[in-house]
file entry-v4.cif (mmCIF, C-alpha atoms)
data_final
#
loop_
_atom_site.label_atom_id
_atom_site.label_comp_id
_atom_site.auth_asym_id
_atom_site.auth_seq_id
_atom_site.Cartn_x
_atom_site.Cartn_y
_atom_site.Cartn_z
CA MET P 30 0.00 0.00 0.00
CA PHE P 31 2.86 2.34 0.90
CA LEU P 32 4.53 1.61 -2.46
CA TYR P 33 1.25 2.16 -4.33
CA ASN P 34 0.72 5.54 -2.64
CA LEU P 35 4.29 6.52 -3.36
CA VAL P 36 3.87 5.67 -7.07
CA VAL P 37 0.54 7.53 -7.33
CA GLU P 38 1.92 10.55 -5.51
CA HIS P 39 4.95 10.82 -7.82
CA ARG P 40 3.34 9.52 -11.00
CA GLU P 41 4.40 12.44 -13.23
CA ALA P 42 8.03 12.28 -12.10
CA LEU P 43 8.02 8.50 -12.52
CA LYS P 44 6.59 8.81 -16.05
CA ILE P 45 9.49 11.10 -16.98
CA ILE P 46 12.07 8.76 -15.41
CA PHE P 47 10.46 5.81 -17.21
CA SER P 48 10.53 7.58 -20.60
CA LEU P 49 14.14 8.68 -20.20
CA ALA P 50 15.25 5.20 -19.07
CA ILE P 51 13.68 3.70 -22.22
CA VAL P 52 15.31 6.40 -24.38
CA LEU P 53 18.68 5.52 -22.82
CA ALA P 54 18.14 1.77 -23.39
CA CYS P 55 17.23 2.44 -27.04
CA PHE P 56 20.26 4.70 -27.49
CA ILE P 57 22.60 1.92 -26.27
CA ILE P 58 20.91 -0.61 -28.59
CA VAL P 59 21.21 1.76 -31.58
CA LEU P 60 24.92 2.35 -30.89
CA ARG P 61 25.66 -1.37 -30.56
CA THR P 62 23.71 -2.41 -33.65
CA HIS P 63 25.02 0.50 -35.74
CA ARG P 64 28.59 -0.68 -35.10
CA LEU P 65 27.65 -4.17 -36.32
CA PHE P 66 25.81 -2.76 -39.34
CA LYS P 67 28.83 -0.62 -40.33
CA LEU P 68 30.93 -3.78 -40.47
CA ALA P 69 28.46 -6.23 -41.98
CA SER P 70 26.16 -3.97 -44.09
CA HIS P 71 23.44 -6.51 -43.27
CA GLU P 72 19.94 -5.27 -44.14
CA GLY P 73 18.33 -7.08 -41.20
CA ILE P 74 20.69 -5.44 -38.70
CA ARG P 75 20.01 -2.11 -40.40
CA TYR P 76 16.24 -2.37 -39.92
CA PHE P 77 16.66 -3.75 -36.38
CA ARG P 78 18.76 -0.66 -35.56
CA ASN P 79 16.02 1.58 -37.01
CA VAL P 80 13.44 -0.11 -34.75
CA PHE P 81 15.19 1.22 -31.66
CA MET P 82 15.96 4.59 -33.18
CA PHE P 83 12.20 5.06 -33.64
CA PHE P 84 11.32 3.60 -30.23
CA GLY P 85 13.85 6.02 -28.71
CA LEU P 86 12.32 8.98 -30.59
CA ALA P 87 8.82 7.85 -29.58
CA PHE P 88 9.65 7.82 -25.88
CA LEU P 89 11.46 11.14 -26.19
CA PHE P 90 8.27 12.68 -27.62
CA ARG P 91 6.26 10.94 -24.91
CA TYR P 92 8.39 12.90 -22.44
CA PHE P 93 7.64 16.11 -24.40
CA SER P 94 3.93 15.28 -24.42
CA SER P 95 3.79 16.32 -20.75
CA PHE P 96 4.22 19.88 -22.12
CA SER P 97 1.80 19.73 -25.07
CA ALA P 98 -0.75 17.14 -26.18
CA TYR P 99 0.27 17.71 -29.83
CA PHE P 100 3.46 15.78 -29.18
CA LEU P 101 1.26 12.70 -28.76
CA ILE P 102 0.90 12.57 -32.57
CA SER P 103 4.70 12.38 -32.93
CA TYR P 104 4.88 9.84 -30.10
CA GLU P 105 2.38 7.52 -31.78
CA PHE P 106 3.85 8.07 -35.24
CA PHE P 107 7.36 7.05 -34.13
CA LEU P 108 6.00 4.19 -32.01
CA MET P 109 4.04 2.75 -34.95
CA SER P 110 6.98 3.27 -37.33
CA ALA P 111 9.18 1.31 -34.88
CA CYS P 112 6.65 -1.54 -34.86
CA PHE P 113 6.55 -1.63 -38.67
CA PHE P 114 10.37 -1.64 -38.80
CA LEU P 115 10.43 -4.55 -36.32
CA PHE P 116 8.11 -6.51 -38.59
CA TYR P 117 10.19 -5.57 -41.65
CA SER P 118 13.46 -6.59 -39.96
CA LEU P 119 12.03 -10.13 -39.80
CA THR P 120 10.55 -10.22 -43.29
CA TRP P 121 12.88 -8.11 -45.51
CA LYS P 122 14.31 -11.25 -47.18
CA ARG P 123 10.88 -12.17 -48.52
CA PHE P 124 10.73 -9.00 -50.57
CA ARG P 125 12.64 -9.11 -53.81
CA GLY P 126 15.74 -7.00 -54.30
CA GLU P 127 18.12 -5.68 -51.74
CA ASN P 128 17.71 -2.05 -50.78
CA LYS P 129 21.03 -0.40 -51.49
CA THR P 130 19.79 3.12 -50.90
CA SER P 131 18.42 4.57 -47.70
CA SER P 132 16.76 2.38 -45.08
CA LEU P 133 14.70 5.37 -43.92
CA PHE P 134 13.41 6.68 -47.23
CA ASN P 135 12.40 4.16 -49.85
CA PHE P 136 9.09 3.15 -51.37
CA ARG P 137 8.27 0.32 -48.93
CA ILE P 138 9.21 2.35 -45.89
CA ILE P 139 7.14 5.33 -47.03
CA ILE P 140 4.08 3.03 -46.99
CA PHE P 141 4.90 2.22 -43.34
CA TYR P 142 5.23 5.93 -42.52
CA LEU P 143 1.87 6.63 -44.17
CA MET P 144 0.15 3.89 -42.19
CA ALA P 145 1.82 5.10 -38.97
CA LEU P 146 0.69 8.66 -39.71
CA ILE P 147 -2.91 7.61 -40.42
CA ILE P 148 -3.06 5.56 -37.19
CA SER P 149 -1.62 8.37 -35.07
CA LEU P 150 -3.97 10.99 -36.59
CA LEU P 151 -7.03 8.76 -36.13
CA ASP P 152 -6.15 8.23 -32.47
CA PHE P 153 -5.45 11.92 -31.93
CA PHE P 154 -8.70 13.18 -33.46
CA TRP P 155 -10.80 10.49 -31.74
CA GLY P 156 -8.94 11.12 -28.48
CA VAL P 157 -8.20 7.42 -28.02
CA TYR P 158 -5.28 4.96 -28.39
CA HIS P 159 -7.31 2.05 -29.76
CA PHE P 160 -6.12 2.21 -33.37
CA ALA P 161 -2.48 2.02 -32.28
CA PHE P 162 -3.17 -0.79 -29.81
CA ILE P 163 -5.04 -2.88 -32.39
CA ALA P 164 -2.34 -2.28 -35.04
CA GLN P 165 0.37 -3.27 -32.55
CA ILE P 166 -1.52 -6.42 -31.53
CA ILE P 167 -1.69 -7.46 -35.20
CA ILE P 168 2.00 -6.64 -35.85
CA PHE P 169 3.32 -8.37 -32.71
CA GLY P 170 1.01 -11.33 -33.39
CA PHE P 171 2.56 -11.84 -36.84
CA ALA P 172 6.10 -11.12 -35.58
CA GLY P 173 5.65 -13.63 -32.76
CA GLY P 174 4.46 -16.25 -35.25
CA ILE P 175 7.50 -15.71 -37.49
CA ILE P 176 9.95 -15.92 -34.57
CA PHE P 177 8.23 -19.03 -33.18
CA GLU P 178 8.50 -20.73 -36.57
CA ARG P 179 12.20 -19.78 -36.86
CA SER P 180 13.02 -20.91 -33.32
CA ASN P 181 11.62 -24.34 -34.14
CA SER P 182 13.56 -24.69 -37.37
CA SER P 183 16.85 -23.18 -36.15
CA GLU P 184 19.70 -24.94 -34.35
CA LYS P 185 20.24 -21.76 -32.38
CA GLY P 186 16.68 -21.77 -31.08
CA ARG P 187 17.45 -20.91 -27.46
CA PHE P 188 18.02 -17.21 -27.96
CA LEU P 189 15.14 -17.00 -30.44
CA ASN P 190 12.96 -18.41 -27.65
CA LEU P 191 13.97 -15.41 -25.52
CA TYR P 192 13.15 -13.09 -28.43
CA PHE P 193 9.80 -14.86 -28.81
CA LEU P 194 9.18 -14.35 -25.09
CA VAL P 195 9.93 -10.61 -25.40
CA ILE P 196 7.59 -10.21 -28.39
CA SER P 197 4.88 -12.23 -26.60
CA LEU P 198 5.30 -10.03 -23.52
CA ASN P 199 4.93 -6.99 -25.76
CA LEU P 200 1.80 -8.50 -27.32
CA PHE P 201 0.39 -9.24 -23.85
CA ALA P 202 1.17 -5.64 -22.76
CA ARG P 203 -0.75 -4.22 -25.74
CA ILE P 204 -3.76 -6.52 -25.19
CA THR P 205 -3.76 -5.47 -21.50
CA ASN P 206 -3.43 -1.84 -22.63
CA LEU P 207 -6.47 -2.17 -24.87
CA ALA P 208 -8.47 -3.92 -22.13
CA ILE P 209 -7.54 -1.30 -19.53
CA SER P 210 -8.52 1.57 -21.81
CA LEU P 211 -11.80 -0.03 -22.96
CA ILE P 212 -13.02 -1.94 -19.90
CA TRP P 213 -11.26 -0.60 -16.80
CA HIS P 214 -11.05 3.08 -17.87
CA TRP P 215 -7.34 3.54 -17.19
CA ASN P 216 -7.39 1.93 -13.76
CA THR P 217 -4.25 3.05 -11.87
CA ILE P 218 -3.01 -0.45 -10.94
CA GLY P 219 -3.55 -1.56 -14.53
CA VAL P 220 -1.53 1.38 -15.83
CA ILE P 221 1.30 0.59 -13.38
CA ILE P 222 1.30 -3.03 -14.63
CA ILE P 223 1.61 -1.80 -18.24
CA TYR P 224 4.52 0.49 -17.36
CA LEU P 225 6.25 -2.43 -15.64
CA LEU P 226 5.62 -4.72 -18.63
CA ASP P 227 6.96 -2.09 -21.06
CA ALA P 228 10.06 -1.54 -18.93
CA ALA P 229 10.62 -5.33 -18.78
CA VAL P 230 10.31 -5.57 -22.59
CA PHE P 231 12.89 -2.83 -23.27
CA PHE P 232 15.36 -4.06 -20.68
CA LEU P 233 15.05 -7.62 -22.02
CA PHE P 234 15.79 -6.22 -25.50
CA LEU P 235 18.79 -4.36 -24.09
CA TYR P 236 20.00 -7.50 -22.29
CA GLY P 237 19.61 -9.53 -25.49
CA VAL P 238 21.51 -7.02 -27.63
CA ILE P 239 24.33 -6.62 -25.08
CA LYS P 240 24.62 -10.40 -24.76
CA ALA P 241 24.67 -10.90 -28.52
CA THR P 242 27.18 -8.09 -29.19
CA LYS P 243 29.48 -8.86 -26.24
CA GLU P 244 33.02 -7.74 -27.08
CA MET K 22 25.40 -33.97 -51.93
CA LEU K 23 24.17 -30.46 -52.62
CA ASN K 24 25.63 -27.65 -50.55
CA LYS K 25 23.35 -25.02 -49.02
CA LYS K 26 23.56 -21.69 -50.88
CA ARG K 27 25.96 -19.44 -49.00
CA GLU K 28 24.55 -16.34 -47.36
CA ARG K 29 26.05 -12.97 -48.32
CA LEU K 30 27.93 -12.70 -45.02
CA GLU K 31 29.44 -16.18 -45.51
CA VAL K 32 30.66 -15.25 -49.00
CA ILE K 33 32.33 -12.11 -47.65
CA ARG K 34 33.93 -14.10 -44.83
CA ASP K 35 35.26 -16.70 -47.32
CA ILE K 36 36.77 -14.01 -49.59
CA LEU K 37 38.41 -12.19 -46.69
CA LEU K 38 39.71 -15.44 -45.18
CA ALA K 39 41.24 -16.43 -48.52
CA VAL K 40 43.02 -13.05 -48.70
CA ARG K 41 44.17 -13.24 -45.09
CA GLU K 42 45.58 -16.74 -45.52
CA SER K 43 47.67 -15.68 -48.52
CA ARG K 44 48.53 -12.22 -47.10
CA GLU K 45 48.57 -10.95 -50.70
CA ILE K 46 46.72 -12.67 -53.52
CA LYS K 47 46.21 -12.27 -57.26
CA PRO K 48 42.58 -11.63 -58.35
CA THR K 49 42.47 -14.82 -60.45
CA ARG K 50 43.60 -16.98 -57.53
CA LEU K 51 41.07 -15.28 -55.29
CA LEU K 52 38.33 -15.98 -57.85
CA TYR K 53 39.11 -19.72 -57.68
CA ALA K 54 39.36 -19.65 -53.89
CA SER K 55 36.05 -17.81 -53.51
CA ASN K 56 34.12 -20.40 -55.53
CA LEU K 57 31.95 -17.72 -57.18
CA SER K 58 31.00 -16.95 -60.76
CA PRO K 59 33.25 -14.24 -62.33
CA GLN K 60 30.38 -11.71 -62.34
CA MET K 61 29.48 -12.29 -58.70
CA PHE K 62 33.14 -12.28 -57.72
CA ARG K 63 33.58 -8.89 -59.39
CA ASP K 64 30.52 -7.48 -57.59
CA TYR K 65 31.70 -8.69 -54.19
CA VAL K 66 35.32 -7.60 -54.64
CA ASP K 67 34.27 -4.18 -55.96
CA GLU K 68 32.03 -3.73 -52.92
CA LEU K 69 34.76 -4.86 -50.51
CA LEU K 70 37.29 -2.51 -52.15
CA LYS K 71 34.83 0.38 -52.05
CA LYS K 72 34.06 -0.24 -48.38
CA GLY K 73 37.74 -0.43 -47.52
CA PHE K 74 37.79 -4.12 -46.51
CA LEU K 75 40.37 -4.92 -49.21
CA ILE K 76 43.22 -3.00 -50.83
CA MET K 77 44.19 -3.43 -54.48
CA ASN K 78 47.86 -2.91 -55.33
CA THR K 79 49.20 -2.53 -58.86
CA LEU K 80 52.75 -3.85 -59.32
CA ASP K 81 55.41 -2.47 -61.73
CA ASN K 82 54.51 -5.04 -64.39
CA ASP K 83 50.85 -3.90 -64.25
CA LYS K 84 49.82 -7.05 -62.38
CA LYS K 85 47.34 -6.60 -59.57
CA THR K 86 47.34 -8.05 -56.07
CA ILE K 87 44.78 -7.84 -53.30
CA LYS K 88 45.56 -7.35 -49.60
CA LEU K 89 43.40 -7.33 -46.50
CA ALA K 90 42.75 -3.89 -45.00
CA LYS K 91 42.29 -3.22 -41.27
CA LYS K 92 38.51 -2.98 -41.71
CA GLY K 93 38.50 -6.40 -43.39
CA ASN K 94 40.45 -7.84 -40.50
CA ASP K 95 38.01 -6.22 -38.04
CA PHE K 96 35.14 -7.89 -39.90
CA LEU K 97 36.77 -11.32 -39.56
CA GLU K 98 37.38 -10.74 -35.85
CA GLU K 99 33.74 -9.68 -35.38
CA TYR K 100 32.27 -12.27 -37.77
CA LYS K 101 31.15 -14.64 -35.00
CA ASN K 102 29.34 -11.82 -33.20
CA ILE K 103 27.64 -10.67 -36.41
CA GLU K 104 26.58 -14.22 -37.30
CA LYS K 105 25.32 -14.79 -33.75
CA PHE K 106 23.39 -11.51 -33.76
CA VAL K 107 21.67 -12.24 -37.08
CA ALA K 108 20.72 -15.77 -35.93
CA ASN K 109 19.62 -14.66 -32.46
CA PHE K 110 17.20 -12.03 -33.72
CA GLY K 111 15.99 -14.01 -36.72
CA LEU K 112 17.23 -11.31 -39.10
#

call {"tool": "encode", "arguments": {"input": "entry-v4.cif", "output": "structure tokens"}}
result
Amino acid sequence: MFLYNLVVEHREALKIIFSLAIVLACFIIVLRTHRLFKLASHEGIRYFRNVFMFFGLAFLFRYFSSFSAYFLISYEFFLMSACFFLFYSLTWKRFRGENKTSSLFNFRIIIFYLMALIISLLDFFWGVYHFAFIAQIIIFGFAGGIIFERSNSSEKGRFLNLYFLVISLNLFARITNLAISLIWHWNTIGVIIIYLLDAAVFFLFLYGVIKATKE
Amino acid sequence: MLNKKRERLEVIRDILLAVRESREIKPTRLLYASNLSPQMFRDYVDELLKKGFLIMNTLDNDKKTIKLAKKGNDFLEEYKNIEKFVANFGL
């Protein structure tokens, strides 16, 4: 009870600390993966790096959104772009032709940006988060399926199982998010659970990247 | 028995390893060692030269040799990490 009161009392400060901690985690992941990409020029690593660049930007704008609600559009736009990049990092091989130009501005990626923009504008004008939650549930559902299939067919399935766990946790967090917004009307304990789940997801990602890029 | 098609990273590793083992190698010998078609070999070597993984030297008699650059050596040292990362995240 004491802990609950403490969290509720300092909720705004904790939100800022949470956002900045995620930004820091993303920054470390981007630095580590960028170094690998510079050496290997591997498209998958490139898109994986972009995922965390966009997640980092999203949480930075979430921090700014305490000053103006308009920053919520940028927050959702970058968040959705990160989700699309995550999906693309797993599926880029299925699309013909290697992208030798920019990984941020090409025809396929512009479609992702457009979808992210539409979702964030719909949510903003309706004053809800449902469109983003539903889109994320679909994306993480597909991503989880792809990783599960790969972990079963790969010899190095152990780490992929961890990745599958992280994506499943993310999927669970978004389903809980949707339920809390629709059914429990942003119940405080529910919101705290979501923050904890999100923090767990990002720190598991950070752990995974540090482990895999150990020098 | 059919061999699995090599991934791009494996081809690069094989080319760089062949150069490192010989310290300095003629393009024709590297072509044989890389086990690639001449067109693909040219594409890969051009890319590796452009990215600074390999260095091309021209001798007095106009013959060319290829040497490993520091960046190429760094790639070989990091290859296991890169391979592990790609496999671990299903990329």

call {"tool": "interface_residues", "arguments": {"input": "entry-v4.cif", "of": "chain P", "to": "chain K", "cutoff": "8 Å", "atoms": "all atoms listed in the file", "output": "list in words"}}
result
Leu65, Leu68, Ala69, His71, Gly73, Ile74, Ser118, Leu119, Thr120, Ile176, Arg179, Lys185, Gly186, Phe188, Leu189, Tyr192, Val238, Ala241, Thr242 and Lys243 of chain P

call {"tool": "closest_residue", "arguments": {"input": "entry-v4.cif", "among": "K:Leu80, K:Leu70, K:Ile36, K:Leu89", "to": "Leu57 in chain K", "atoms": "only C-alpha atoms"}}
result
K:Ile36

call {"tool": "residues_around", "arguments": {"input": "entry-v4.cif", "residues": "Leu60 in chain P", "least_positions_apart": "5", "cutoff": "12 Å", "atoms": "only C-alpha atoms", "output": "NGL selection string"}}
result
:P and (53-55 or 65-67 or 74-75 or 77-79 or 81-82 or 85 or 235 or 238-239 or 242)

call {"tool": "atom_distance", "arguments": {"input": "entry-v4.cif", "atom1": "CA of Val32 in chain K", "atom2": "CA of Met61 in chain K"}}
result
10.2 Å

call {"tool": "atom_distance", "arguments": {"input": "entry-v4.cif", "atom1": "CA of Arg41 in chain K", "atom2": "CA of Tyr65 in chain K"}}
result
16.1 Å

call {"tool": "atom_distance", "arguments": {"input": "entry-v4.cif", "atom1": "CA of Ser97 in chain P", "atom2": "CA of Leu151 in chain P"}}
result
17.9 Å

call {"tool": "resolve_selection", "arguments": {"input": "entry-v4.cif", "expression": "the PyMOL selection byres ((chain P and resi 210-222) around 10)", "output": "JSON list (two decimals) with C-alpha atoms, in the frame of the given file"}}
result
[["chain", "number", "residue", "atom", "x", "y", "z"],
["P", 33, "TYR", "CA", 1.25, 2.16, -4.33],
["P", 36, "VAL", "CA", 3.87, 5.67, -7.07],
["P", 37, "VAL", "CA", 0.54, 7.53, -7.33],
["P", 40, "ARG", "CA", 3.34, 9.52, -11.00],
["P", 157, "VAL", "CA", -8.20, 7.42, -28.02],
["P", 158, "TYR", "CA", -5.28, 4.96, -28.39],
["P", 159, "HIS", "CA", -7.31, 2.05, -29.76],
["P", 162, "PHE", "CA", -3.17, -0.79, -29.81],
["P", 202, "ALA", "CA", 1.17, -5.64, -22.76],
["P", 204, "ILE", "CA", -3.76, -6.52, -25.19],
["P", 205, "THR", "CA", -3.76, -5.47, -21.50],
["P", 206, "ASN", "CA", -3.43, -1.84, -22.63],
["P", 207, "LEU", "CA", -6.47, -2.17, -24.87],
["P", 208, "ALA", "CA", -8.47, -3.92, -22.13],
["P", 209, "ILE", "CA", -7.54, -1.30, -19.53],
["P", 223, "ILE", "CA", 1.61, -1.80, -18.24],
["P", 224, "TYR", "CA", 4.52, 0.49, -17.36],
["P", 225, "LEU", "CA", 6.25, -2.43, -15.64],
["P", 226, "LEU", "CA", 5.62, -4.72, -18.63],
["P", 227, "ASP", "CA", 6.96, -2.09, -21.06],
["P", 228, "ALA", "CA", 10.06, -1.54, -18.93]]

call {"tool": "residues_around", "arguments": {"input": "entry-v4.cif", "residues": "Pro48 in chain K", "least_positions_apart": "6", "cutoff": "9 Å", "atoms": "only C-alpha atoms", "output": "ChimeraX atom specification"}}
result
/K:85-87

call {"tool": "resolve_selection", "arguments": {"input": "entry-v4.cif", "expression": "the PyMOL selection byres ((chain P and resi 133) around 10)", "output": "count of residues only"}}
result
14

call {"tool": "resolve_selection", "arguments": {"input": "entry-v4.cif", "expression": "the PyMOL selection byres ((chain K and resi 51-56) around 8)", "output": "list of chain:residue names"}}
result
K:Val32, K:Asp35, K:Ile36, K:Ala39, K:Val40, K:Ile46, K:Lys47, K:Pro48, K:Thr49, K:Arg50, K:Leu57, K:Ser58, K:Pro59, K:Phe62

call {"tool": "residues_near_point", "arguments": {"input": "entry-v4.cif", "point": "(-4.6, 6.2, -36.8)", "cutoff": "12 Å", "atoms": "all atoms listed in the file", "output": "PyMOL selection string"}}
result
chain P and resi 101-103+105-106+108-110+142-165

call {"tool": "decode", "arguments": {"input": "entry-v4.cif", "residues": "range 138-151 of chain P", "atoms": "N, CA and C atoms", "output": "PDB file, in the first residue's frame"}}
result
ATOM      1  N   ILE P 138       9.197   1.714 -47.211  1.00  0.00           N
ATOM      2  CA  ILE P 138       9.207   2.352 -45.887  1.00  0.00           C
ATOM      3  C   ILE P 138       8.227   3.522 -45.851  1.00  0.00           C
ATOM      4  N   ILE P 139       8.085   4.212 -46.992  1.00  0.00           N
ATOM      5  CA  ILE P 139       7.139   5.334 -47.031  1.00  0.00           C
ATOM      6  C   ILE P 139       5.706   4.831 -46.791  1.00  0.00           C
ATOM      7  N   ILE P 140       5.413   3.612 -47.255  1.00  0.00           N
ATOM      8  CA  ILE P 140       4.079   3.030 -46.987  1.00  0.00           C
ATOM      9  C   ILE P 140       3.898   2.856 -45.466  1.00  0.00           C
ATOM     10  N   PHE P 141       4.963   2.387 -44.807  1.00  0.00           N
ATOM     11  CA  PHE P 141       4.897   2.225 -43.343  1.00  0.00           C
ATOM     12  C   PHE P 141       4.649   3.576 -42.667  1.00  0.00           C
ATOM     13  N   TYR P 142       5.390   4.599 -43.123  1.00  0.00           N
ATOM     14  CA  TYR P 142       5.231   5.932 -42.517  1.00  0.00           C
ATOM     15  C   TYR P 142       3.785   6.425 -42.689  1.00  0.00           C
ATOM     16  N   LEU P 143       3.243   6.180 -43.899  1.00  0.00           N
ATOM     17  CA  LEU P 143       1.870   6.633 -44.173  1.00  0.00           C
ATOM     18  C   LEU P 143       0.883   5.946 -43.237  1.00  0.00           C
ATOM     19  N   MET P 144       1.067   4.628 -43.067  1.00  0.00           N
ATOM     20  CA  MET P 144       0.155   3.886 -42.188  1.00  0.00           C
ATOM     21  C   MET P 144       0.306   4.382 -40.747  1.00  0.00           C
ATOM     22  N   ALA P 145       1.569   4.617 -40.338  1.00  0.00           N
ATOM     23  CA  ALA P 145       1.824   5.102 -38.971  1.00  0.00           C
ATOM     24  C   ALA P 145       1.172   6.470 -38.773  1.00  0.00           C
ATOM     25  N   LEU P 146       1.267   7.318 -39.801  1.00  0.00           N
ATOM     26  CA  LEU P 146       0.689   8.661 -39.707  1.00  0.00           C
ATOM     27  C   LEU P 146      -0.835   8.595 -39.609  1.00  0.00           C
ATOM     28  N   ILE P 147      -1.438   7.744 -40.442  1.00  0.00           N
ATOM     29  CA  ILE P 147      -2.910   7.613 -40.420  1.00  0.00           C
ATOM     30  C   ILE P 147      -3.368   7.127 -39.036  1.00  0.00           C
ATOM     31  N   ILE P 148      -2.678   6.105 -38.507  1.00  0.00           N
ATOM     32  CA  ILE P 148      -3.060   5.559 -37.193  1.00  0.00           C
ATOM     33  C   ILE P 148      -2.939   6.631 -36.105  1.00  0.00           C
ATOM     34  N   SER P 149      -1.824   7.376 -36.132  1.00  0.00           N
ATOM     35  CA  SER P 149      -1.621   8.374 -35.068  1.00  0.00           C
ATOM     36  C   SER P 149      -2.625   9.530 -35.184  1.00  0.00           C
ATOM     37  N   LEU P 150      -2.980   9.911 -36.422  1.00  0.00           N
ATOM     38  CA  LEU P 150      -3.966  10.994 -36.589  1.00  0.00           C
ATOM     39  C   LEU P 150      -5.365  10.537 -36.164  1.00  0.00           C
ATOM     40  N   LEU P 151      -5.709   9.290 -36.532  1.00  0.00           N
ATOM     41  CA  LEU P 151      -7.028   8.761 -36.130  1.00  0.00           C
ATOM     42  C   LEU P 151      -7.163   8.765 -34.613  1.00  0.00           C
TER      43      LEU P 151
END
